[in-house]
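So this block is entry-v3.txt, compact mmCIF, C-alpha atoms:
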# COMPACT_ATOMS: atom_id res chain seq x y z
CA MET A 716 -4.46 -28.40 51.83
CA ALA A 717 -5.32 -25.44 53.79
CA LYS A 718 -1.83 -24.13 53.69
CA PHE A 719 -1.94 -23.20 50.03
CA LYS A 720 -4.53 -20.60 49.92
CA LYS A 721 -5.87 -19.77 46.56
CA LYS A 722 -4.62 -16.48 45.36
CA THR A 723 -7.12 -13.74 45.49
CA LYS A 724 -8.59 -13.13 42.12
CA ALA A 725 -7.08 -10.24 40.27
CA ASP A 726 -9.30 -7.31 39.64
CA VAL A 727 -10.70 -7.97 36.18
CA ASN A 728 -11.97 -4.50 35.53
CA ILE A 729 -9.64 -2.50 33.36
CA PRO A 730 -10.02 1.15 34.16
CA THR A 731 -11.50 2.71 31.06
CA SER A 732 -11.78 6.26 32.25
CA ALA A 733 -8.70 7.29 30.23
CA LEU A 734 -9.99 5.67 27.07
CA PRO A 735 -11.80 8.76 25.73
CA ASP A 736 -8.62 10.77 26.16
CA ILE A 737 -6.58 8.27 24.17
CA ILE A 738 -9.19 8.11 21.45
CA PHE A 739 -9.38 11.88 21.33
CA MET A 740 -5.64 12.07 20.93
CA LEU A 741 -5.79 9.72 17.95
CA LEU A 742 -8.75 11.66 16.62
CA PHE A 743 -6.88 14.94 16.75
CA PHE A 744 -3.87 13.38 15.05
CA PHE A 745 -5.98 12.20 12.15
CA MET A 746 -7.90 15.47 11.97
CA VAL A 747 -4.65 17.36 11.64
CA VAL A 748 -3.05 15.17 9.00
CA THR A 749 -6.22 14.76 6.96
CA VAL A 750 -6.48 16.39 3.61
CA LEU A 751 -9.92 15.83 2.24
CA ARG A 752 -9.74 14.79 -1.35
CA GLU A 753 -11.32 17.54 -3.34
CA GLN A 754 -11.19 15.77 -6.64
CA GLU A 755 -11.78 12.37 -8.00
CA ILE A 756 -8.89 10.66 -9.71
CA LEU A 757 -9.97 9.41 -13.10
CA VAL A 758 -6.80 7.58 -14.05
CA GLU A 759 -4.98 4.64 -12.56
CA GLN A 760 -2.34 5.60 -10.05
CA LYS A 761 0.31 3.09 -9.14
CA ILE A 762 3.03 5.49 -8.09
CA PRO A 763 6.52 4.15 -8.84
CA GLN A 764 9.12 3.58 -6.17
CA ALA A 765 12.38 5.42 -5.78
CA THR A 766 14.97 5.98 -3.09
CA GLN A 767 16.29 9.51 -3.58
CA LEU A 768 13.16 11.38 -2.64
CA GLN A 769 13.06 15.06 -1.93
CA LYS A 770 10.31 16.98 -0.29
CA ILE A 771 8.87 20.20 -1.57
CA GLN A 772 8.78 22.76 1.19
CA LYS A 773 6.06 25.06 -0.04
CA LYS A 774 2.92 23.16 -0.85
CA THR A 775 1.13 26.13 -2.36
CA LEU A 776 3.59 26.11 -5.25
CA ILE A 777 2.68 22.59 -6.32
CA SER A 778 0.23 21.75 -9.06
CA TYR A 779 -0.62 18.18 -9.84
CA LEU A 780 -0.82 16.34 -13.11
CA TYR A 781 -2.06 12.77 -13.03
CA VAL A 782 -1.07 10.46 -15.83
CA GLY A 783 -2.22 6.91 -16.34
CA LYS A 784 -4.64 4.56 -17.96
CA PRO A 785 -8.22 5.83 -17.49
CA LYS A 786 -10.22 3.90 -14.94
CA ASN A 787 -13.30 4.11 -17.09
CA THR A 788 -11.92 2.46 -20.20
CA SER A 789 -15.25 2.26 -22.00
CA LEU A 790 -15.54 6.03 -21.92
CA TYR A 791 -11.95 7.19 -22.32
CA GLY A 792 -10.13 4.26 -23.94
CA THR A 793 -7.07 2.43 -22.71
CA GLU A 794 -4.31 4.82 -23.75
CA PRO A 795 -2.70 6.83 -20.93
CA ARG A 796 -4.40 10.16 -20.36
CA ILE A 797 -3.54 13.28 -18.44
CA GLN A 798 -5.76 14.57 -15.69
CA ALA A 799 -5.53 18.13 -14.46
CA ASN A 800 -7.87 19.29 -11.72
CA ASP A 801 -10.85 17.02 -12.30
CA VAL A 802 -10.93 16.64 -16.04
CA LEU A 803 -8.93 14.71 -18.57
CA ILE A 804 -7.03 17.00 -20.88
CA ASN A 805 -5.00 16.63 -24.03
CA THR A 806 -1.30 17.29 -24.25
CA SER A 807 -1.97 20.50 -26.15
CA ASP A 808 -4.02 21.90 -23.26
CA ILE A 809 -1.13 21.76 -20.82
CA VAL A 810 0.24 25.19 -21.69
CA PHE A 811 -3.15 26.76 -21.01
CA TRP A 812 -3.53 24.80 -17.77
CA VAL A 813 -0.10 25.93 -16.55
CA THR A 814 -1.04 29.54 -17.26
CA GLN A 815 -4.17 29.10 -15.19
CA GLU A 816 -2.23 27.53 -12.35
CA LYS A 817 0.32 30.32 -12.45
CA ASP A 818 -2.44 32.91 -12.20
CA LYS A 819 -3.43 31.46 -8.86
CA LEU A 820 -0.03 32.27 -7.41
CA SER A 821 1.25 35.66 -6.44
CA GLU A 822 3.40 37.41 -8.97
CA ALA A 823 6.65 36.83 -7.14
CA GLU A 824 6.06 33.10 -6.90
CA ARG A 825 4.96 32.46 -10.46
CA ASP A 826 8.27 31.29 -11.80
CA GLN A 827 8.73 28.93 -8.87
CA ILE A 828 5.72 26.82 -9.75
CA THR A 829 6.42 23.11 -9.36
CA ILE A 830 4.52 20.50 -11.29
CA SER A 831 4.13 17.23 -9.47
CA LEU A 832 3.81 14.55 -12.09
CA LYS A 833 1.88 11.68 -10.62
CA ALA A 834 2.35 9.11 -13.30
CA ASP A 835 1.40 5.48 -13.21
CA ARG A 836 4.37 3.12 -13.37
CA ASP A 837 3.00 1.40 -16.47
CA VAL A 838 3.06 4.57 -18.54
CA LYS A 839 5.64 4.67 -21.31
CA MET A 840 8.12 7.49 -21.85
CA GLY A 841 6.31 8.75 -24.95
CA PRO A 842 3.49 10.59 -23.17
CA ILE A 843 5.84 11.64 -20.37
CA SER A 844 8.24 13.32 -22.77
CA ASP A 845 5.35 15.03 -24.55
CA ILE A 846 4.29 16.48 -21.21
CA GLN A 847 7.84 17.58 -20.49
CA PHE A 848 8.01 19.30 -23.83
CA GLU A 849 4.77 21.19 -23.16
CA LEU A 850 5.94 22.18 -19.69
CA ARG A 851 9.07 23.62 -21.19
CA GLU A 852 6.91 25.57 -23.60
CA ALA A 853 4.83 26.84 -20.71
CA ASP A 854 7.98 27.75 -18.80
CA ALA A 855 7.11 25.60 -15.80
CA ARG A 856 10.45 23.93 -15.51
CA LYS A 857 10.42 22.54 -12.02
CA LEU A 858 9.12 19.04 -12.30
CA LEU A 859 8.69 16.55 -9.51
CA TYR A 860 8.32 12.90 -10.45
CA ALA A 861 6.08 11.87 -7.59
CA SER A 862 7.20 8.57 -6.14
CA VAL A 863 7.03 6.62 -2.94
CA GLY A 864 9.95 5.50 -0.87
CA ARG A 865 11.53 2.13 -1.30
CA VAL A 866 13.36 0.43 1.47
CA ASP A 867 16.32 -1.24 -0.09
CA LEU A 868 18.64 -3.39 1.87
CA MET B 668 -30.74 32.61 48.76
CA PRO B 669 -32.00 29.16 49.36
CA SER B 670 -31.48 26.76 46.52
CA LYS B 671 -34.54 26.07 44.55
CA ARG B 672 -33.82 22.49 43.93
CA GLY B 673 -31.78 19.81 45.47
CA ARG B 674 -28.38 19.89 43.96
CA MET B 675 -28.09 17.60 40.96
CA SER B 676 -25.22 15.23 40.65
CA GLN B 677 -22.18 17.18 39.43
CA GLU B 678 -20.83 14.31 37.35
CA VAL B 679 -21.53 14.28 33.67
CA ASN B 680 -21.82 10.79 32.37
CA ALA B 681 -18.74 10.40 30.24
CA GLY B 682 -19.21 6.76 29.42
CA SER B 683 -20.42 7.35 25.88
CA MET B 684 -17.73 9.91 25.16
CA ALA B 685 -15.44 7.16 23.96
CA ASP B 686 -18.08 5.91 21.54
CA ILE B 687 -18.58 9.34 20.04
CA ALA B 688 -14.85 9.83 19.72
CA PHE B 689 -14.53 6.40 18.12
CA LEU B 690 -17.12 7.29 15.56
CA LEU B 691 -15.30 10.47 14.61
CA LEU B 692 -11.99 8.64 14.62
CA ILE B 693 -13.25 6.04 12.20
CA PHE B 694 -14.65 8.72 9.93
CA PHE B 695 -11.28 10.47 9.73
CA LEU B 696 -9.42 7.20 9.36
CA VAL B 697 -11.49 6.38 6.31
CA THR B 698 -11.29 9.78 4.66
CA THR B 699 -7.61 10.37 5.34
CA THR B 700 -5.09 10.34 2.57
CA ILE B 701 -1.82 11.39 4.04
CA ALA B 702 -0.56 13.81 1.45
CA SER B 703 2.98 13.04 0.42
CA ASP B 704 4.63 15.54 -1.84
CA LYS B 705 7.74 13.53 -2.26
CA GLY B 706 9.49 12.62 -5.41
CA ILE B 707 12.48 13.09 -7.62
CA LEU B 708 13.04 16.68 -8.57
CA ASN B 709 14.07 17.47 -12.10
CA ILE B 710 14.68 20.85 -13.62
CA LEU B 711 13.72 20.93 -17.28
CA PRO B 712 15.87 22.86 -19.74
CA PRO B 713 14.50 26.19 -20.93
CA LYS B 714 12.30 26.13 -23.98
CA GLN B 715 13.89 26.23 -27.35
CA ASP B 716 13.47 29.16 -29.60
CA PRO B 717 13.50 27.89 -33.18
CA ASN B 718 15.06 31.16 -34.40
CA ASP B 719 17.76 31.12 -31.78
CA PRO B 720 19.06 27.60 -31.29
CA PRO B 721 21.23 27.11 -28.23
CA PRO B 722 24.95 27.17 -28.89
CA GLU B 723 26.30 23.78 -29.72
CA VAL B 724 28.55 22.68 -26.94
CA GLU B 725 31.21 20.30 -28.05
CA LEU B 726 31.91 17.78 -25.37
CA ASN B 727 34.46 15.11 -25.61
CA GLU B 728 33.10 11.60 -25.67
CA ARG B 729 35.06 10.77 -22.53
CA ASN B 730 33.22 13.50 -20.64
CA ILE B 731 29.80 12.00 -21.26
CA PHE B 732 28.42 9.04 -19.37
CA ASN B 733 25.97 7.59 -21.85
CA ILE B 734 22.91 5.74 -20.69
CA LEU B 735 20.60 4.52 -23.42
CA ILE B 736 17.37 2.70 -22.71
CA ASN B 737 15.44 1.05 -25.50
CA ALA B 738 11.78 0.17 -25.90
CA ASN B 739 12.37 -3.30 -24.45
CA ASP B 740 13.75 -1.76 -21.25
CA GLN B 741 17.27 -2.89 -22.02
CA LEU B 742 20.11 -0.62 -21.11
CA LEU B 743 23.24 0.34 -22.96
CA ILE B 744 25.57 1.95 -20.46
CA GLU B 745 28.82 3.33 -21.85
CA GLY B 746 28.56 0.80 -24.67
CA ASP B 747 27.85 -2.17 -22.41
CA PHE B 748 24.60 -4.05 -22.67
CA ARG B 749 22.72 -4.49 -19.40
CA THR B 750 19.31 -5.65 -18.35
CA ASP B 751 19.06 -3.74 -15.07
CA ALA B 752 20.42 -0.66 -13.36
CA VAL B 753 21.98 -2.35 -10.36
CA GLY B 754 25.23 -0.76 -9.25
CA LEU B 755 24.89 2.13 -11.63
CA SER B 756 25.27 4.77 -8.94
CA ASP B 757 28.75 3.57 -7.98
CA GLU B 758 29.91 3.77 -11.57
CA ILE B 759 28.54 7.28 -11.92
CA LYS B 760 30.18 8.32 -8.69
CA LYS B 761 33.48 7.06 -10.03
CA PHE B 762 32.90 8.80 -13.35
CA VAL B 763 32.03 12.15 -11.76
CA LEU B 764 34.94 12.05 -9.38
CA ASN B 765 37.47 11.26 -12.06
CA PHE B 766 40.12 13.90 -12.57
CA GLY B 767 41.54 13.04 -15.99
CA ARG B 768 42.76 16.47 -17.05
CA PRO B 769 41.95 18.88 -14.25
CA ASP B 770 42.53 22.59 -14.73
CA GLU B 771 43.66 24.84 -11.92
CA GLU B 772 40.20 25.43 -10.52
CA ASN B 773 39.49 21.75 -10.36
CA MET B 774 42.83 20.97 -8.76
CA ALA B 775 41.72 23.27 -5.96
CA LEU B 776 38.43 21.39 -5.86
CA PHE B 777 40.31 18.12 -5.60
CA ASN B 778 42.32 19.45 -2.69
CA SER B 779 39.17 20.60 -0.92
CA LEU B 780 37.58 17.15 -1.05
CA PRO B 781 37.52 15.07 2.11
CA ALA B 782 39.99 12.21 2.24
CA SER B 783 37.33 9.55 1.65
CA LEU B 784 36.32 11.12 -1.66
CA ARG B 785 39.90 11.83 -2.64
CA GLY B 786 40.51 8.13 -2.24
CA MET B 787 37.78 7.45 -4.80
CA ALA B 788 39.02 10.05 -7.25
CA GLU B 789 41.02 8.47 -10.00
CA GLN B 790 43.01 10.02 -12.75
CA SER B 791 42.05 7.82 -15.62
CA PRO B 792 42.58 9.71 -18.89
CA GLU B 793 39.80 7.70 -20.57
CA SER B 794 37.15 8.90 -18.15
CA SER B 795 35.88 12.41 -17.42
CA ASP B 796 38.25 15.39 -17.26
CA TYR B 797 37.01 16.94 -14.01
CA PRO B 798 33.76 17.17 -12.00
CA GLY B 799 33.28 20.90 -12.57
CA SER B 800 30.97 22.35 -15.20
CA GLY B 801 31.95 21.36 -18.70
CA GLY B 802 33.51 18.23 -17.28
CA ALA B 803 31.44 15.22 -16.38
CA VAL B 804 27.94 15.00 -17.85
CA VAL B 805 25.55 12.11 -17.37
CA SER B 806 23.31 11.68 -20.38
CA ILE B 807 20.10 9.66 -20.28
CA LYS B 808 18.39 8.88 -23.53
CA THR B 809 15.20 6.91 -23.66
CA ASN B 810 12.87 5.66 -26.29
CA ARG B 811 9.18 6.50 -26.48
CA GLY B 812 8.48 2.90 -25.58
CA THR B 813 10.69 2.82 -22.49
CA SER B 814 8.73 2.31 -19.32
CA TYR B 815 8.50 5.27 -16.98
CA GLU B 816 9.36 3.03 -14.06
CA LEU B 817 12.76 2.10 -15.47
CA TYR B 818 13.52 5.68 -16.46
CA LEU B 819 12.80 6.79 -12.92
CA GLU B 820 14.95 3.99 -11.54
CA VAL B 821 17.90 5.10 -13.65
CA LEU B 822 17.38 8.76 -12.74
CA ASP B 823 17.15 7.69 -9.12
CA GLN B 824 20.54 5.97 -9.37
CA VAL B 825 22.15 9.04 -10.95
CA LYS B 826 20.71 11.28 -8.24
CA LYS B 827 21.94 8.86 -5.62
CA ALA B 828 25.50 9.14 -6.91
CA TYR B 829 25.41 12.92 -6.71
CA PHE B 830 23.74 13.05 -3.30
CA GLU B 831 26.32 10.65 -1.92
CA ILE B 832 29.11 12.89 -3.13
CA TYR B 833 27.42 16.03 -1.80
CA GLY B 834 26.66 14.43 1.51
CA GLU B 835 30.15 13.12 1.97
CA ARG B 836 31.65 16.54 1.31
CA VAL B 837 29.79 18.03 4.24
CA GLY B 838 30.05 14.99 6.47
CA LEU B 839 26.47 13.79 6.14
CA THR B 840 24.92 10.70 4.62
CA ALA B 841 23.11 11.07 1.31
CA GLU B 842 19.85 10.67 3.20
CA GLN B 843 20.58 13.50 5.60
CA TYR B 844 21.77 15.74 2.80
CA ARG B 845 18.56 15.20 0.86
CA GLN B 846 16.49 16.15 3.85
CA LEU B 847 18.14 19.52 4.28
CA SER B 848 15.42 22.05 3.63
CA GLY B 849 17.51 25.16 3.23
CA ARG B 850 15.14 27.05 5.50
CA THR B 851 17.78 28.06 7.98
CA ALA B 852 21.00 29.76 7.01
CA ALA B 853 23.06 26.90 8.38
CA GLU B 854 21.24 24.35 6.26
CA ALA B 855 21.42 26.48 3.15
CA GLU B 856 25.14 26.82 3.66
CA LEU B 857 25.54 23.06 3.96
CA ILE B 858 23.59 22.57 0.74
CA ASP B 859 25.75 25.06 -1.11
CA LYS B 860 28.93 23.65 0.31
CA GLY B 861 28.00 20.17 -0.84
CA LYS B 862 27.20 21.29 -4.37
CA GLU B 863 29.99 23.77 -4.82
CA GLY B 864 32.06 23.08 -7.91
CA ILE B 865 30.22 19.83 -8.74
CA PRO B 866 27.04 20.72 -10.58
CA MET B 867 24.42 18.04 -11.06
CA ALA B 868 24.90 17.71 -14.78
CA ILE B 869 22.19 15.33 -15.93
CA SER B 870 21.17 15.66 -19.51
CA ILE B 871 17.90 14.09 -20.53
CA ALA B 872 17.63 13.77 -24.25
CA GLU B 873 14.46 13.76 -26.29
CA PRO B 874 13.41 10.16 -26.77
CA ASP B 875 13.62 8.39 -30.10
CA LYS B 876 10.46 7.73 -32.00
CA LEU B 877 11.54 4.28 -33.17
CA GLY B 878 9.71 1.33 -31.70
CA GLY B 879 7.03 3.78 -30.55
CA GLY B 880 5.22 2.41 -27.60
CA ASP B 881 2.67 5.06 -26.77

Representation of the structure as structure tokens:
Amino acid sequence: MAKFKKKTKADVNIPTSALPDIIFMLLFFFMVVTVLREQEILVEQKIPQATQLQKIQKKTLISYLYVGKPKNTSLYGTEPRIQANDVLINTSDIVFWVTQEKDKLSEAERDQITISLKADRDVKMGPISDIQFELREADARKLLYASVGRVDL
Amino acid sequence: MPSKRGRMSQEVNAGSMADIAFLLLIFFLVTTTIASDKGILNILPPKQDPNDPPPEVELNERNIFNILINANDQLLIEGDFRTDAVGLSDEIKKFVLNFGRPDEENMALFNSLPASLRGMAEQSPESSDYPGSGGAVVSIKTNRGTSYELYLEVLDQVKKAYFEIYGERVGLTAEQYRQLSGRTAAEAELIDKGKEGIPMAISIAEPDKLGGGD
């Protein structure tokens, strides 16, 4: 049937000249949002979920405490431990650690220090309340229970 | 001046540019941890001086919303046994907005509330006296064996109740109210207006040692 001519084949070549630009855009996005991890986390971190999250505006005021079961149980045991910077510390060291963290801030900002408590969801309230007690002693009273958002229906 | 050489092709071969960019992209993808400094904010009470104990504040039982959580993660809310915290925020909202015995200041507060909140406000004499300070207090008491996850869930519900009230007062949803940063004067004013007269009175008691779970 000569009447029905086959359609001309579509051009199969996708123009790829814009590809580098797209990739670069993605690259820049990731470069900007990246925070290179400067410390290794030695404890388990399954951050609990919550809905009423608030964001801290000034990141320089935040110091992190990680609480959870140690990853290396043969070395540190199975009881929840506290990690500050890159070492595991005892509850009694918290006051000293807070003082150190406060020294890093300028004098006007010292009383605004916020402790972000990154605790594993399997931790019990015992260790948490011990930490809270020490933080009160150290006069670092702004505490942020780090948690991730939950979408509830 | 005559050119020394024949002109080279002006085009730089950009074909491998995408590959190089891909390589970098993958590197950053792998190393990225998107920092999220989000969480539930809690202000701890000031430290206790053993020589100067804080003044005992006598609160009427009706002004305290008691939440007890035991080591088995069971809840006792206002004397009722529960196994989960579902619907807790609505009860707290009702408790906070109750005007049992309002004084003059709190009558003015009542009149300043938007109609939707005024509709919720009851005048039950068995519940809290008024939302202002010294009125409604939410008390959370845990045990050392309570799981952190449940504690946070309960605290989350209490915060939700307050944020819903604050948001509604300024015509925002709880979500929008929470996201106010207070950086601009307008936002700071909204935050203050939401909170005004209704302090977030959450008391977190020292946990019991019984049934120690740590």

Within 7 Å of chain A, which residues of chain B come that close, and what is the closest atom pair and distance in Å for each? Count all atoms listed in the file and give it as a Markdown table.
| residue | atom | partner | partner_atom | distance |
| --- | --- | --- | --- | --- |
| B:Met684 | CA | A:Pro735 | CA | 6.1 |
| B:Ala685 | CA | A:Pro735 | CA | 4.4 |
| B:Ala688 | CA | A:Phe739 | CA | 6.1 |
| B:Phe689 | CA | A:Ile738 | CA | 6.5 |
| B:Leu691 | CA | A:Leu742 | CA | 7.0 |
| B:Leu692 | CA | A:Leu742 | CA | 4.9 |
| B:Phe695 | CA | A:Phe745 | CA | 6.1 |
| B:Leu696 | CA | A:Phe745 | CA | 6.7 |
| B:Thr698 | CA | A:Leu751 | CA | 6.7 |
| B:Thr699 | CA | A:Thr749 | CA | 4.9 |
| B:Thr700 | CA | A:Val750 | CA | 6.3 |
| B:Ile701 | CA | A:Thr749 | CA | 6.3 |
| B:Ala702 | CA | A:Val750 | CA | 6.8 |
| B:Asp704 | CA | A:Lys770 | CA | 6.1 |
| B:Lys705 | CA | A:Lys770 | CA | 4.7 |
| B:Gly706 | CA | A:Ala861 | CA | 4.1 |
| B:Ile707 | CA | A:Tyr860 | CA | 5.0 |
| B:Leu708 | CA | A:Leu859 | CA | 4.5 |
| B:Asn709 | CA | A:Leu858 | CA | 5.2 |
| B:Ile710 | CA | A:Lys857 | CA | 4.9 |
| B:Leu711 | CA | A:Arg856 | CA | 4.8 |
| B:Pro712 | CA | A:Arg856 | CA | 7.0 |
| B:Pro713 | CA | A:Arg851 | CA | 6.0 |
| B:Lys714 | CA | A:Arg851 | CA | 5.0 |
| B:Asn810 | CA | A:Met840 | CA | 6.8 |
| B:Arg811 | CA | A:Gly841 | CA | 4.0 |
| B:Gly812 | CA | A:Lys839 | CA | 5.4 |
| B:Thr813 | CA | A:Met840 | CA | 5.4 |
| B:Ser814 | CA | A:Lys839 | CA | 4.4 |
| B:Tyr815 | CA | A:Lys839 | CA | 5.2 |
| B:Glu816 | CA | A:Arg836 | CA | 5.0 |
| B:Glu820 | CA | A:Ala765 | CA | 6.5 |
| B:Asp823 | CA | A:Gln767 | CA | 5.9 |
| B:Lys826 | CA | A:Gln767 | CA | 6.7 |
| B:Lys827 | CA | A:Gln767 | CA | 6.0 |
| B:Arg845 | CA | A:Gln769 | CA | 6.2 |
| B:Gln846 | CA | A:Gln769 | CA | 6.8 |
| B:Gly880 | CA | A:Lys839 | CA | 6.7 |
| B:Asp881 | CA | A:Gly841 | CA | 5.5 |

Checklist line | For Arg729 of chain B: contacts at 12 Å, all atoms listed in the file, fewer than 6 positions along chain excluded, given as a list in words | finding: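 The neighbour list is Glu745, Phe762, Val763, Asn765, Phe766, Gly767, Arg768, Ser791, Pro792, Glu793, Ser794, Ser795, Asp796, Tyr797, Gly801, Gly802, Ala803, Val804, Val805 and Ser806 of chain B.
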
Next item on the list: Please provide the set of residues having any atom within 12 Å of Ile804 of chain A, restricted to only C-alpha atoms, with same-chain residues fewer than 3 positions apart removed, written as a list in words.
Entry: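 Close residues of Ile804 of chain A: Leu757, Val758, Leu780, Tyr781, Val782, Pro785, Tyr791, Pro795, Arg796, Ile797, Gln798, Ala799, Asn800, Asp801, Ser807, Asp808, Ile809, Val810, Phe811, Trp812 and Ile846 of chain A.
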
Item checked: For Ile759 of chain B: contacts at 9 Å, all atoms listed in the file, fewer than 3 positions along chain excluded, given as a list in words ->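 Everything that qualifies: Phe732, Leu755, Ser756, Phe762, Val763, Leu764, Val805, Gln824, Val825, Ala828 and Tyr829 of chain B.
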
Listed atoms of segment 790-794 of chain A boxed axis-aligned with 6 Å per side, centre + edges as AutoDock Vina command-line options:
--center_x -9.9 --center_y 4.8 --center_z -22.9 --size_x 23.2 --size_y 16.8 --size_z 14.0

Check: What is the atom CA of Ile736 of chain B to atom CA of Leu819 of chain B distance in Å?
Finding: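 Going from atom CA of Ile736 of chain B over to atom CA of Leu819 of chain B covers 11.6 Å.
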
Next item on the list: Counting all atoms listed in the file, figure out which residue out of B:Met867, B:Ala852, B:Ile832, B:Leu817 gets nearest to Asp740 of chain B.
Entry: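 Ranked by minimum distance to Asp740 of chain B, first place goes to B:Leu817.
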
Next item on the list: Enter the distance from atom CA of Ser800 of chain B to atom CA of Phe830 of chain B, in Å, rounded to one decimal.
Entry: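 Those two atoms sit 16.7 Å apart.
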
Item checked: Distance in Å - atom CA of Glu759 of chain A versus atom CA of Tyr818 of chain B ->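 A separation of 18.9 Å between them.
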